[in-house]
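Here's the structure, in structure tokens; my notes come after.
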Amino acid sequence: MARSQQTRRYCPKADGVVGGAVACLLLGALCVSALDLLWDIDVPASALAPKNVQALRISDRDGTLLREVLSRPDGRANWVPLEQIARHVIDATLAGEDRRFYQHDGIDRRAVGRAFAQLLARRHVVSGASTLTMQLARLVDSAQHARRRDLWSKVRQTVLALRLERALSKDEILWQYLNRAPYGNGTFGVQAAARRYFDKPASALSLAEAALLAALPRSPRGYDPFRGGRARLVARQRFLLRRMRELGMCSDEQLRMALGEPIRYRGARRPFRAPHLARALVSVAGDDAAAIKSSIDLELQRQVQTLASQTVKRLADHGVSNAAALVVDNHSGEVLAYVGSADFGDADHAGQVDGTQALRQPGSTLKPFTYAMGIEQGLTVSTLLEDLPAHFTTPEGDYAPKNYDRRFHGPVRLAVALASSYNVPAVRVAEYVGSERLLERLRALGFENLDKTARHYGLGLTLGNGEVTLQQLAAAYVALANGGMYRPLSLVRAVRDPRGRWTKPARPKAQRVFDARAAYLITRVLSDAMARIPGFGRDTPLDVESLTGGFPAAVKTGTSKDFRDNWTVGFTRDVTVAVWVGNFDGKPMRRVSGITGAGPLWAEVIIAAQRRYDRDGHARRGFSRPRGVVERRICPHSGKLASARCEGAIDAEFITGHAPTAECDHHVDVAIDRRNGLLAGPGCAHEHVEQRVMLRFPPTYRAWAHARGIAQAPTTYSPHCPAATHVATPERKRSRERVTIRFPVQGDRYYVDPDLARRYQQLPLEASVNGDAARVRWLVDGKAIASASFPYSASWRLRRGRHTIEARLPDGSRSTPVRITVR
């Protein structure tokens with residue numbers, strides 16, 4: 001009835017069917033004249049170009065579908081060449097829509113005559129006369145003009161059909177139709193339909209499946225198998241199968257098997273895997289991308305997602321609501337797992353936020369790059385760094401870094417300072433390399449969001465006062481794993497265009513950002529579990545070598561200010577893992593450190609990732625030492641070559657030419673008066689003298705060692721047997737000054753801020769004591785202002801004018817006066 005009503009709309013009213021038919025014939029004559037006039041107009045190529053890809057298929061590295069994303073609300077289409085469409089689909093389509101497709105020129109005159117005769121005989125429309133070319137014309141015309149069902153639209157589409165036949169070959173018309181036809185449930189084109197209904201490509205459809213899909217374009221809604229149309233669809237499928245047999249398109253045996261084949265639909269729901277990755281790829285996909293084969297390993301992705309969710313549940317009582325993680329193949333730079341949050345669907349905790357791209361403060365995770373620059377500029381893993389109270393003069397004012405444990409550790413080898421993540425030594429190294437150079441190097445490592453000036457960040461840049469992303473951190477650590485060679489991460493292995501051609505994206509060439517030897521030495525430090533013990537203790541989650549089957553892992557933790565972000569980033573020779581734990585709303589966590597927060601998750605993920613390589617037989621054990629690195633045995637206390645007096649000597653690696661050449665002078669042979677433990681002078685009787693090997697710290701560290709109760713060689717002689725008058729103690733040889741002012745520095749200038757209350761404008765005072773001292777008394781302009789025990793620090797409220805600062809000891813020793821100006 002509907003078809004009859006539509007026909008009456010196209011033909012002028014007339015009395016009776018015959019009158020209507022005559023009117024339609026006259027109208028048809030006019031249409032033929034119009035066709036002749038329009039015949040010579042060419043078909044615009046842009047109208048036929050497969051440029052409006054309406055869906056993007058994203059798969060894992062092996063082709064398993066992760067997500068199919070609609071770029072427009074009207075559907076999705078995946079264009080494929082005609083050769084990639086099963087012949088059954090073509091035959092079933094022609095059997096149902098246009099059996100004389102290869103005989104007509106766009107208009108099937110026999111079908112038109114038949115339809116007209118049936119109209120005259122039965123007084124209603126019995127069959128249509130639309131050809132496949134005319135249906136294609138309607139699809140192309142609808143894409144260019146508002147969809148209308150009137151006479152002039154029919155005329156325009158009929159003209160377009162003739163023009164299409166003139167411009168295209170029959171195979172090209174078939175290709176256009178099969179990639180444009182509507183198949184229901186938002187799919188356009190047989191490839192999208194095959195994926196949607198059967199989760200297979202159009203080339204793999206069986207005869208039964210092909211006939212079923214060929215039935216859908218006639219009535220996508222009426223035949224929808226997911227919305228009550230399944231019985232009608234099967235009936236139409238069977239009709240098409242029998243017609244195909246009549247037309248010789250299949251054999252009796254093929255027909256029998258197709259009629260008996262059970263249809264297994266994929267289901268109404270589309271896969272929704274790796275959602276943050278899919279969204280990231282959609283945002284960068286070009287208009288001509290029909291499919292993207294990502295770098296993701298789906299099995300590993302599932303494992304990491306589960307581990308992230310379990311970690312958040314475990315830490316919920318500590319105020320943790322989210323986590324993010326990345327796994328990267330070091331050799332290729334491909335991302336193997338991409339977890340943006342613990343639960344994408346958790347709206348209460350902003351689960352759709354992509355934690356791998358969120359800008360956060362990285363804490364101590366930038367320290368390795370600072371130390372690598374220090375090694376390039378002459379420091380070594382055994383260089384002693386001063387971990388004592390320190391104040392640094394910066395353009396923004398005084399800066400006094402503190403360690404995580406609120407303690408100072410005296411003389412610390414560079415390797416221990418980095419592995420144990422001490423802040424004060426890191427700032428000293430940042431000062432050594434220069435904040436401008438450090439910022440420049442970090443930007444070369446891909447930290448493009450560090451877009452402020454070096455003055456803005458200051459020396460605190462090495463402690464993470466800028467903002468970076470987890471992806472940037474992962475790429476930077478991959479550079480360390482690759483001997484200092486940097487290039488961005490890769491998420492895509494190949495892209496398919498609408499014609500089915502796969503291309504691999506161009507990868508930028510790796511750039512050298514660190515000397516290979518410096519990168520290797522930092523890697524060795526970060527994988528040294530013994531060097532981590534002073535800062536983190538034994539048996540931490542970071543010690544994964546025994547759990548990965550003997551694969552050493554270099555690792556660094558980081559915690560931002562107020563415990564808002566917790567990071568752990570590290571790598572084996574094969575894979576890098578970067579993990580973040582925290583809250584997207586910026587709320588601080590409670591009692592969560594790198595060891596208890598992100599550390600356990602990192603350990604679980606890197607073990608899972610390394611087992612993947614072990615299983616595939618591609619695992620590489622250990623870190624390869626580059627040329628130009630030598631090994632020496634050193635004293636762990638002095639960092640110099642070990643002598644016979646040094647206990648606990650260790651092996652350390654150095655850049656050739658930078659290894660220590662002097663022997664340890666911290667362990668010394670001393671003659672002790674047994675009666676009081678003081679130095680025995682030459683006059684002591686033999687029975688009272690004992691030779692001992694003892695520690696002798698440089699003067700800077702004497703007071704620190706004394707305060708910590710560390711036994712050290714005495715500096716004074718026994719009264720029972722004093723030294724000869726011409727004999728000087730080592731301290732007297734070095735300096736006659738017992739106390740020196742470390743801060744402020746001679747000639748410093750300071751300014752009083754008129755907008756800040758005076759009680760907040762305090763100048764820190766720092767001193768070093770040569771030997772032992774109970775207290776230091778501080779004087780400004782000759783007046784005592786404070787008395788302090790170790791570490792002998794005090795403060796003085798700024799007052800305009802010229803001032804002289806002095807430090808004195810109880811024995812009357814005094815420092816060289818320091819003169820400053822306050823304006």
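Following the order of the structure tokens, chains are lettered A, B, ..., residues in each are numbered from 1, and ligands are numbered from 1.
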>> What's around Val327 (chain A) at 10 Å? Count only C-alpha atoms, leave out sequence neighbours fewer than 4 positions away in its own chain, and write the answer as a list in words.
In response: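 Contacts, in chain order: Ile296, Asp297, Leu300, Gln301, Val304, Gly333, Glu334, Val335, Leu336, Ala337, Tyr338, Val339, Gln471, Ala474, Phe571, Val575, Thr576, Val577, Ala578, Val579, Trp602, Val605, Ile606 and Ala609 of chain A.
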> Which parts of region 652-687 of chain A does DSSP call strand (DSSP E or B) when run on the backbone here, written out as a list in words?
Replying inline: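 Matching residues for strand (DSSP E or B) in region 652-687 of chain A are Ala652, Glu653, Phe654, Ile655, Glu663, His667, Val668, Asp669, Val670, Ala671, Ile672, Asp673 and Leu679 of chain A.
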> Counting only C-alpha atoms, which of A:Thr187, A:Ser768, A:Ser364, A:Gln712 gets nearest to Val739 (chain A)?
Replying inline: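 Closest residue, counting only C-alpha atoms: A:Ser768.
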> Looking at only C-alpha atoms, which of A:Pro552, A:Gly229, A:Gly319, A:Pro719 is the one that sits closest to Met589 (chain A)?
Replying inline: A:Gly319
DSSP says helix (DSSP H, G or I) for which residues of region 457-593 of chain A? Put them as a CSV table (one decimal) with N, CA, C and O atoms, in the first residue's frame?
chain,number,residue,atom,x,y,z
A,457,TYR,N,61.6,28.0,37.7
A,457,TYR,CA,61.7,26.7,38.3
A,457,TYR,C,62.8,26.7,39.4
A,457,TYR,O,62.7,26.1,40.5
A,458,GLY,N,63.9,27.4,39.1
A,458,GLY,CA,65.1,27.4,40.0
A,458,GLY,C,65.7,26.0,40.1
A,458,GLY,O,65.4,25.1,39.3
A,459,LEU,N,66.4,25.8,41.2
A,459,LEU,CA,67.0,24.5,41.5
A,459,LEU,C,66.0,23.4,41.9
A,459,LEU,O,66.3,22.3,41.8
A,460,GLY,N,64.8,23.9,42.3
A,460,GLY,CA,63.8,22.9,42.6
A,460,GLY,C,63.3,22.1,41.4
A,460,GLY,O,62.5,21.2,41.6
A,461,LEU,N,63.7,22.5,40.2
A,461,LEU,CA,63.3,21.7,39.0
A,461,LEU,C,63.7,20.2,39.2
A,461,LEU,O,62.9,19.4,38.8
A,462,THR,N,64.9,20.0,39.7
A,462,THR,CA,65.3,18.6,39.9
A,462,THR,C,64.5,17.8,40.9
A,462,THR,O,64.4,16.6,40.8
A,463,LEU,N,63.8,18.5,41.8
A,463,LEU,CA,62.9,17.9,42.7
A,463,LEU,C,61.5,17.8,42.2
A,463,LEU,O,60.6,17.3,43.0
A,470,LEU,N,52.7,11.3,32.5
A,470,LEU,CA,53.3,10.0,32.6
A,470,LEU,C,53.9,9.5,31.3
A,470,LEU,O,54.9,8.8,31.3
A,471,GLN,N,53.3,9.9,30.2
A,471,GLN,CA,53.8,9.5,28.9
A,471,GLN,C,55.2,10.1,28.7
A,471,GLN,O,56.1,9.5,28.1
A,472,GLN,N,55.4,11.4,29.1
A,472,GLN,CA,56.7,12.0,28.9
A,472,GLN,C,57.7,11.3,29.8
A,472,GLN,O,58.9,11.1,29.4
A,473,LEU,N,57.3,11.0,31.0
A,473,LEU,CA,58.3,10.3,31.9
A,473,LEU,C,58.7,8.9,31.3
A,473,LEU,O,59.9,8.6,31.3
A,474,ALA,N,57.7,8.2,30.8
A,474,ALA,CA,58.0,6.9,30.2
A,474,ALA,C,59.0,7.0,29.1
A,474,ALA,O,60.0,6.3,29.0
A,475,ALA,N,58.7,8.0,28.2
A,475,ALA,CA,59.6,8.2,27.0
A,475,ALA,C,61.0,8.6,27.4
A,475,ALA,O,62.0,8.1,26.9
A,476,ALA,N,61.1,9.4,28.5
A,476,ALA,CA,62.5,9.8,29.0
A,476,ALA,C,63.2,8.6,29.6
A,476,ALA,O,64.5,8.5,29.4
A,477,TYR,N,62.6,7.8,30.3
A,477,TYR,CA,63.2,6.6,30.9
A,477,TYR,C,63.6,5.6,29.8
A,477,TYR,O,64.6,4.9,29.9
A,478,VAL,N,62.8,5.5,28.8
A,478,VAL,CA,63.1,4.6,27.6
A,478,VAL,C,64.4,5.1,27.0
A,478,VAL,O,65.3,4.3,26.6
A,479,ALA,N,64.6,6.4,27.0
A,479,ALA,CA,65.9,7.0,26.5
A,479,ALA,C,67.1,6.5,27.3
A,479,ALA,O,68.1,6.2,26.8
A,480,LEU,N,66.9,6.5,28.7
A,480,LEU,CA,68.0,6.0,29.5
A,480,LEU,C,68.2,4.5,29.2
A,480,LEU,O,69.4,4.1,29.1
A,481,ALA,N,67.2,3.7,29.1
A,481,ALA,CA,67.3,2.3,28.8
A,481,ALA,C,68.0,2.1,27.4
A,481,ALA,O,68.7,1.0,27.2
A,516,ALA,N,76.2,7.9,26.1
A,516,ALA,CA,75.9,6.5,26.3
A,516,ALA,C,76.5,6.0,27.6
A,516,ALA,O,75.8,5.2,28.4
A,517,ARG,N,77.7,6.5,28.0
A,517,ARG,CA,78.3,6.0,29.2
A,517,ARG,C,77.6,6.6,30.4
A,517,ARG,O,77.4,5.9,31.4
A,518,ALA,N,77.2,7.9,30.3
A,518,ALA,CA,76.5,8.5,31.5
A,518,ALA,C,75.1,7.8,31.7
A,518,ALA,O,74.7,7.5,32.8
A,519,ALA,N,74.4,7.5,30.6
A,519,ALA,CA,73.1,6.8,30.7
A,519,ALA,C,73.3,5.4,31.3
A,519,ALA,O,72.5,5.0,32.1
A,520,TYR,N,74.4,4.7,30.9
A,520,TYR,CA,74.6,3.4,31.5
A,520,TYR,C,74.9,3.5,32.9
A,520,TYR,O,74.4,2.7,33.7
A,521,LEU,N,75.8,4.4,33.4
A,521,LEU,CA,76.1,4.5,34.8
A,521,LEU,C,74.9,4.9,35.6
A,521,LEU,O,74.7,4.4,36.7
A,522,ILE,N,74.0,5.8,35.1
A,522,ILE,CA,72.8,6.1,35.9
A,522,ILE,C,71.9,4.8,35.9
A,522,ILE,O,71.3,4.6,37.0
A,523,THR,N,71.8,4.1,34.9
A,523,THR,CA,71.1,2.8,34.9
A,523,THR,C,71.6,1.9,35.9
A,523,THR,O,70.8,1.3,36.7
A,524,ARG,N,72.9,1.7,36.0
A,524,ARG,CA,73.5,0.8,37.0
A,524,ARG,C,73.2,1.3,38.4
A,524,ARG,O,72.9,0.5,39.3
A,525,VAL,N,73.2,2.6,38.6
A,525,VAL,CA,72.9,3.2,40.0
A,525,VAL,C,71.4,2.8,40.3
A,525,VAL,O,71.1,2.4,41.5
A,526,LEU,N,70.5,3.1,39.4
A,526,LEU,CA,69.1,2.9,39.7
A,526,LEU,C,68.8,1.4,39.8
A,526,LEU,O,67.7,1.1,40.4
A,529,ALA,N,70.4,-2.4,44.3
A,529,ALA,CA,69.6,-2.5,45.5
A,529,ALA,C,70.3,-2.1,46.7
A,529,ALA,O,69.7,-1.6,47.7
A,530,MET,N,71.7,-2.3,46.8
A,530,MET,CA,72.4,-2.0,47.9
A,530,MET,C,72.5,-0.5,48.1
A,530,MET,O,72.5,0.0,49.2
A,531,ALA,N,72.6,0.3,47.0
A,531,ALA,CA,72.7,1.7,47.1
A,531,ALA,C,71.3,2.3,47.6
A,531,ALA,O,71.3,3.4,48.1
A,532,ARG,N,70.2,1.5,47.4
A,532,ARG,CA,68.9,2.0,47.9
A,532,ARG,C,68.7,1.8,49.4
A,532,ARG,O,67.8,2.4,50.0
A,533,ILE,N,69.4,0.9,50.0
A,533,ILE,CA,69.2,0.6,51.4
A,533,ILE,C,69.2,1.7,52.3
A,533,ILE,O,68.3,1.8,53.1
A,534,PRO,N,70.1,2.7,52.2
A,534,PRO,CA,70.1,3.8,53.2
A,534,PRO,C,68.8,4.6,53.2
A,534,PRO,O,68.4,5.1,54.2
A,535,GLY,N,68.2,4.7,52.0
A,535,GLY,CA,67.0,5.5,51.9
A,535,GLY,C,65.7,4.7,52.0
A,535,GLY,O,64.7,5.2,52.5
A,536,PHE,N,65.7,3.4,51.6
A,536,PHE,CA,64.5,2.7,51.5
A,536,PHE,C,64.5,1.4,52.3
A,536,PHE,O,63.4,0.7,52.5
A,561,LYS,N,54.6,17.3,46.2
A,561,LYS,CA,54.4,18.0,47.4
A,561,LYS,C,53.0,17.6,48.0
A,561,LYS,O,52.0,17.5,47.3
A,562,ASP,N,53.0,17.5,49.4
A,562,ASP,CA,51.7,17.2,50.1
A,562,ASP,C,51.2,15.8,49.7
A,562,ASP,O,50.0,15.6,49.9
A,563,PHE,N,52.0,14.9,49.1
A,563,PHE,CA,51.6,13.6,48.8
A,563,PHE,C,50.4,13.6,47.8
A,563,PHE,O,49.5,12.7,47.9
> With distances taken over only C-alpha atoms, which of A:Val427, A:Ala400, A:Val581, A:Val745 is nearest to Glu386 (chain A)?
Replying inline: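 Among the listed residues, A:Val427 lies closest to Glu386 (chain A).
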> So what do you get for CA of Gly500 (chain A) versus CA of Gln191 (chain A), distance-wise?
Replying inline: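 For CA of Gly500 (chain A) relative to CA of Gln191 (chain A), the distance reads 10.6 Å.
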> In Å, how far is it from CA of Asn179 (chain A) to CA of Arg270 (chain A)?
Replying inline: 20.5 Å
>> Can you tell me which residues surround Gln746 (chain A) at a distance of at most 10 Å, considering only C-alpha atoms, apart from same-chain residues fewer than 6 positions away, and format the answer as a list in words?
In response: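 Within the cut-off, the hits are Thr804, Ile805, Thr816, Pro817, Val818, Arg819, Ile820 and Thr821 of chain A.
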Same residues, N, CA and C atoms, output as a CSV table (one decimal), in the first residue's frame:
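So selection03.csv came out as:
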chain,number,residue,atom,x,y,z
A,804,THR,N,77.5,43.0,60.3
A,804,THR,CA,78.6,42.1,60.4
A,804,THR,C,78.1,40.9,61.2
A,805,ILE,N,78.3,39.7,60.6
A,805,ILE,CA,77.8,38.4,61.3
A,805,ILE,C,79.1,37.6,61.6
A,816,THR,N,85.7,34.0,60.6
A,816,THR,CA,86.0,35.2,59.9
A,816,THR,C,84.6,36.0,59.8
A,817,PRO,N,84.6,37.2,60.1
A,817,PRO,CA,83.3,38.0,60.0
A,817,PRO,C,82.8,38.0,58.6
A,818,VAL,N,81.5,37.9,58.4
A,818,VAL,CA,80.8,38.0,57.1
A,818,VAL,C,80.0,39.3,57.1
A,819,ARG,N,80.2,40.1,56.1
A,819,ARG,CA,79.6,41.4,56.0
A,819,ARG,C,78.5,41.4,54.9
A,820,ILE,N,77.3,41.8,55.2
A,820,ILE,CA,76.2,41.8,54.3
A,820,ILE,C,75.5,43.2,54.3
A,821,THR,N,74.7,43.4,53.3
A,821,THR,CA,73.9,44.7,53.2
A,821,THR,C,72.4,44.3,53.0
>> From the options A:Leu48, A:Ala723, A:Val424, A:Met249, which residue's atoms come nearest to Ala167 (chain A), counting only C-alpha atoms?
In response: A:Leu48
>> Please list as JSON, numbers by chain every residue within 10 Å of Tyr197 (chain A), counting only C-alpha atoms and excluding residues in the same chain fewer than 2 positions away.
In response: {"A": [183, 184, 185, 187, 192, 193, 194, 195, 199, 200, 209, 213, 225, 226, 263, 264, 265, 266, 267, 268, 270]}
Would you save the residues of that selection, restricted to N, CA, C and O atoms, as a PDB file, in the first residue's frame?
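Saved the output as again-v8.pdb:
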ATOM      1  N   TYR A 183      23.119  -0.926   6.107  1.00  0.00           N
ATOM      2  CA  TYR A 183      22.861  -2.281   6.586  1.00  0.00           C
ATOM      3  C   TYR A 183      22.286  -2.305   7.996  1.00  0.00           C
ATOM      4  O   TYR A 183      22.224  -3.358   8.617  1.00  0.00           O
ATOM      5  N   GLY A 184      21.888  -1.170   8.514  1.00  0.00           N
ATOM      6  CA  GLY A 184      21.252  -1.133   9.825  1.00  0.00           C
ATOM      7  C   GLY A 184      22.236  -1.059  10.974  1.00  0.00           C
ATOM      8  O   GLY A 184      23.437  -1.291  10.827  1.00  0.00           O
ATOM      9  N   ASN A 185      21.737  -0.686  12.130  1.00  0.00           N
ATOM     10  CA  ASN A 185      22.539  -0.547  13.352  1.00  0.00           C
ATOM     11  C   ASN A 185      23.749   0.371  13.137  1.00  0.00           C
ATOM     12  O   ASN A 185      24.838   0.124  13.651  1.00  0.00           O
ATOM     13  N   THR A 187      25.487   0.951  10.453  1.00  0.00           N
ATOM     14  CA  THR A 187      26.550   0.512   9.555  1.00  0.00           C
ATOM     15  C   THR A 187      26.227   0.893   8.119  1.00  0.00           C
ATOM     16  O   THR A 187      25.085   0.789   7.661  1.00  0.00           O
ATOM     17  N   ALA A 192      31.629  -2.932   7.173  1.00  0.00           N
ATOM     18  CA  ALA A 192      31.182  -2.533   8.508  1.00  0.00           C
ATOM     19  C   ALA A 192      30.088  -3.453   9.005  1.00  0.00           C
ATOM     20  O   ALA A 192      30.040  -3.813  10.192  1.00  0.00           O
ATOM     21  N   ALA A 193      29.199  -3.861   8.094  1.00  0.00           N
ATOM     22  CA  ALA A 193      28.111  -4.753   8.492  1.00  0.00           C
ATOM     23  C   ALA A 193      28.634  -6.122   8.894  1.00  0.00           C
ATOM     24  O   ALA A 193      28.178  -6.713   9.885  1.00  0.00           O
ATOM     25  N   ALA A 194      29.595  -6.643   8.130  1.00  0.00           N
ATOM     26  CA  ALA A 194      30.163  -7.947   8.468  1.00  0.00           C
ATOM     27  C   ALA A 194      30.821  -7.905   9.839  1.00  0.00           C
ATOM     28  O   ALA A 194      30.684  -8.851  10.637  1.00  0.00           O
ATOM     29  N   ARG A 195      31.525  -6.817  10.141  1.00  0.00           N
ATOM     30  CA  ARG A 195      32.149  -6.670  11.460  1.00  0.00           C
ATOM     31  C   ARG A 195      31.087  -6.518  12.540  1.00  0.00           C
ATOM     32  O   ARG A 195      31.206  -7.086  13.630  1.00  0.00           O
ATOM     33  N   ASP A 199      31.444 -10.066  13.329  1.00  0.00           N
ATOM     34  CA  ASP A 199      32.808  -9.852  13.784  1.00  0.00           C
ATOM     35  C   ASP A 199      33.820 -10.553  12.880  1.00  0.00           C
ATOM     36  O   ASP A 199      34.734 -11.232  13.333  1.00  0.00           O
ATOM     37  N   LYS A 200      33.639 -10.351  11.588  1.00  0.00           N
ATOM     38  CA  LYS A 200      34.586 -10.894  10.612  1.00  0.00           C
ATOM     39  C   LYS A 200      34.609  -9.969   9.413  1.00  0.00           C
ATOM     40  O   LYS A 200      33.682  -9.177   9.203  1.00  0.00           O
ATOM     41  N   GLU A 209      25.596 -16.165   5.473  1.00  0.00           N
ATOM     42  CA  GLU A 209      25.808 -14.831   6.039  1.00  0.00           C
ATOM     43  C   GLU A 209      25.734 -13.756   4.952  1.00  0.00           C
ATOM     44  O   GLU A 209      25.186 -12.660   5.173  1.00  0.00           O
ATOM     45  N   LEU A 213      23.102 -10.561   4.884  1.00  0.00           N
ATOM     46  CA  LEU A 213      23.488  -9.160   4.793  1.00  0.00           C
ATOM     47  C   LEU A 213      22.918  -8.503   3.549  1.00  0.00           C
ATOM     48  O   LEU A 213      22.533  -7.325   3.575  1.00  0.00           O
ATOM     49  N   PRO A 225      17.898  -7.560  13.146  1.00  0.00           N
ATOM     50  CA  PRO A 225      17.831  -8.791  13.953  1.00  0.00           C
ATOM     51  C   PRO A 225      17.873  -8.538  15.459  1.00  0.00           C
ATOM     52  O   PRO A 225      17.524  -9.429  16.235  1.00  0.00           O
ATOM     53  N   PHE A 226      18.277  -7.331  15.870  1.00  0.00           N
ATOM     54  CA  PHE A 226      18.361  -7.029  17.293  1.00  0.00           C
ATOM     55  C   PHE A 226      17.118  -6.317  17.818  1.00  0.00           C
ATOM     56  O   PHE A 226      17.000  -6.074  19.018  1.00  0.00           O
ATOM     57  N   ILE A 263      22.848 -19.159  12.163  1.00  0.00           N
ATOM     58  CA  ILE A 263      23.426 -17.815  12.139  1.00  0.00           C
ATOM     59  C   ILE A 263      23.790 -17.409  13.558  1.00  0.00           C
ATOM     60  O   ILE A 263      22.947 -17.409  14.453  1.00  0.00           O
ATOM     61  N   ARG A 264      25.046 -17.075  13.751  1.00  0.00           N
ATOM     62  CA  ARG A 264      25.524 -16.653  15.074  1.00  0.00           C
ATOM     63  C   ARG A 264      25.912 -15.174  15.006  1.00  0.00           C
ATOM     64  O   ARG A 264      26.945 -14.817  14.454  1.00  0.00           O
ATOM     65  N   TYR A 265      25.073 -14.351  15.586  1.00  0.00           N
ATOM     66  CA  TYR A 265      25.339 -12.916  15.609  1.00  0.00           C
ATOM     67  C   TYR A 265      26.367 -12.590  16.686  1.00  0.00           C
ATOM     68  O   TYR A 265      26.429 -13.256  17.712  1.00  0.00           O
ATOM     69  N   ARG A 266      27.092 -11.543  16.422  1.00  0.00           N
ATOM     70  CA  ARG A 266      28.094 -11.117  17.397  1.00  0.00           C
ATOM     71  C   ARG A 266      27.443 -10.565  18.658  1.00  0.00           C
ATOM     72  O   ARG A 266      28.004 -10.622  19.743  1.00  0.00           O
ATOM     73  N   GLY A 267      26.266 -10.038  18.539  1.00  0.00           N
ATOM     74  CA  GLY A 267      25.597  -9.419  19.685  1.00  0.00           C
ATOM     75  C   GLY A 267      25.474  -7.928  19.486  1.00  0.00           C
ATOM     76  O   GLY A 267      26.152  -7.322  18.655  1.00  0.00           O
ATOM     77  N   ALA A 268      24.598  -7.320  20.270  1.00  0.00           N
ATOM     78  CA  ALA A 268      24.282  -5.912  20.059  1.00  0.00           C
ATOM     79  C   ALA A 268      25.371  -4.978  20.604  1.00  0.00           C
ATOM     80  O   ALA A 268      25.476  -3.848  20.179  1.00  0.00           O
ATOM     81  N   ARG A 270      29.126  -3.500  21.254  1.00  0.00           N
ATOM     82  CA  ARG A 270      30.438  -3.454  20.624  1.00  0.00           C
ATOM     83  C   ARG A 270      31.520  -3.543  21.696  1.00  0.00           C
ATOM     84  O   ARG A 270      31.315  -3.113  22.835  1.00  0.00           O
TER      85      ARG A 270
END
> Which residue, A:Ser206, A:Gln303, A:Asn78, A:Gln762, has the smallest gap to Ala258 (chain A) when you use only C-alpha atoms?
Replying inline: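 Using only C-alpha atoms, the shortest distance to Ala258 (chain A) belongs to A:Ser206.
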>> Could you tell me how far CA of Gly466 (chain A) sits from CA of His318 (chain A), in Å to one decimal place?
In response: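 If I compute the distance from CA of His318 (chain A) to CA of Gly466 (chain A), I get 25.2 Å.
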> If you count only C-alpha atoms, which residues fall within 10 Å of Asn676 (chain A), apart from same-chain ones fewer than 3 positions away, as a list in words?
Replying inline: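 The neighbour list is Ile672, Asp673, Leu679, Ala680, His688, Tyr717, Ser718, Pro719 and His720 of chain A.
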